[in-house]
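A short worksheet on the structure shown next.
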Amino acid sequence: MLLEGQTDEGAARRLGLSLRTVRRSMSSLMTRLGARSRFQAGARAVQRGWL
């Protein structure tokens, strides 16, 4: 969903999760990847073969 440009709200709806859960997950993911933006997180996830 990150690569699709989904907002946190859209991802929460699509996954059936709360907005807070999605935001926490995104924050954790960005920290793990050392990313400062959603775009950078997506690019780094691809580089690591996660996507």
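Going through the structure tokens in order, the chains are called A, B, and so on, while each chain numbers its residues from 1 and the ligands are numbered from 1 in the order shown.
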- Query: Which neighbours of stretch 10-15 of chain A fall inside 8 Å, counting only C-alpha atoms, when residues of the same chain fewer than 5 positions from it are skipped, and could you give them as a PyMOL selection string?
  - Reply: chain A and resi 1+21-22
Keeping only N, CA and C atoms, write the selected residues as an mmCIF file, in the first residue's frame.
data_model
loop_
_atom_site.group_PDB
_atom_site.id
_atom_site.type_symbol
_atom_site.label_atom_id
_atom_site.label_comp_id
_atom_site.auth_asym_id
_atom_site.auth_seq_id
_atom_site.Cartn_x
_atom_site.Cartn_y
_atom_site.Cartn_z
ATOM 1 N N MET A 1 0.821 -1.187 0.000
ATOM 2 C CA MET A 1 0.000 0.000 0.000
ATOM 3 C C MET A 1 0.869 1.257 0.000
ATOM 4 N N THR A 21 -3.279 2.360 14.850
ATOM 5 C CA THR A 21 -2.473 1.157 14.624
ATOM 6 C C THR A 21 -1.624 1.307 13.370
ATOM 7 N N VAL A 22 -2.233 1.806 12.314
ATOM 8 C CA VAL A 22 -1.496 1.985 11.059
ATOM 9 C C VAL A 22 -0.391 3.019 11.241
#
*asked:* DSSP on the backbone, helix (DSSP H, G or I) only: what residues of chain A does that give? Format it as an MDAnalysis selection string.
replied: chainID A and resid 8:15 19:33 38:47
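Among the candidate residues A:Gly34, A:Gly49, A:Gly42, A:Gly16, the one lying nearest to A:Glu4 is A:Gly42, with distances computed using only C-alpha atoms.
Residues within 7 Å of A:Leu19, counting only C-alpha atoms and excluding same-chain residues fewer than 4 positions away, are Asp8, Glu9, Ala12 and Arg23 of chain A.
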Export, as an mmCIF file, in the first residue's frame, the selected residues with C-alpha atoms.
data_model
loop_
_atom_site.group_PDB
_atom_site.id
_atom_site.type_symbol
_atom_site.label_atom_id
_atom_site.label_comp_id
_atom_site.auth_asym_id
_atom_site.auth_seq_id
_atom_site.Cartn_x
_atom_site.Cartn_y
_atom_site.Cartn_z
ATOM 1 C CA ASP A 8 -2.742 6.074 6.521
ATOM 2 C CA GLU A 9 -6.510 6.499 6.520
ATOM 3 C CA ALA A 12 -6.496 1.517 7.843
ATOM 4 C CA ARG A 23 0.346 5.141 12.129
#
Residue neighbourhood A:Phe39, 10 Å, only C-alpha atoms, exclusion window fewer than 5 positions, as a list in words: Leu2, Leu3, Gly5, Arg44 and Ala45 of chain A
Atom CA of A:Ser37 sits from atom CA of A:Arg20 at a separation of 18.1 Å
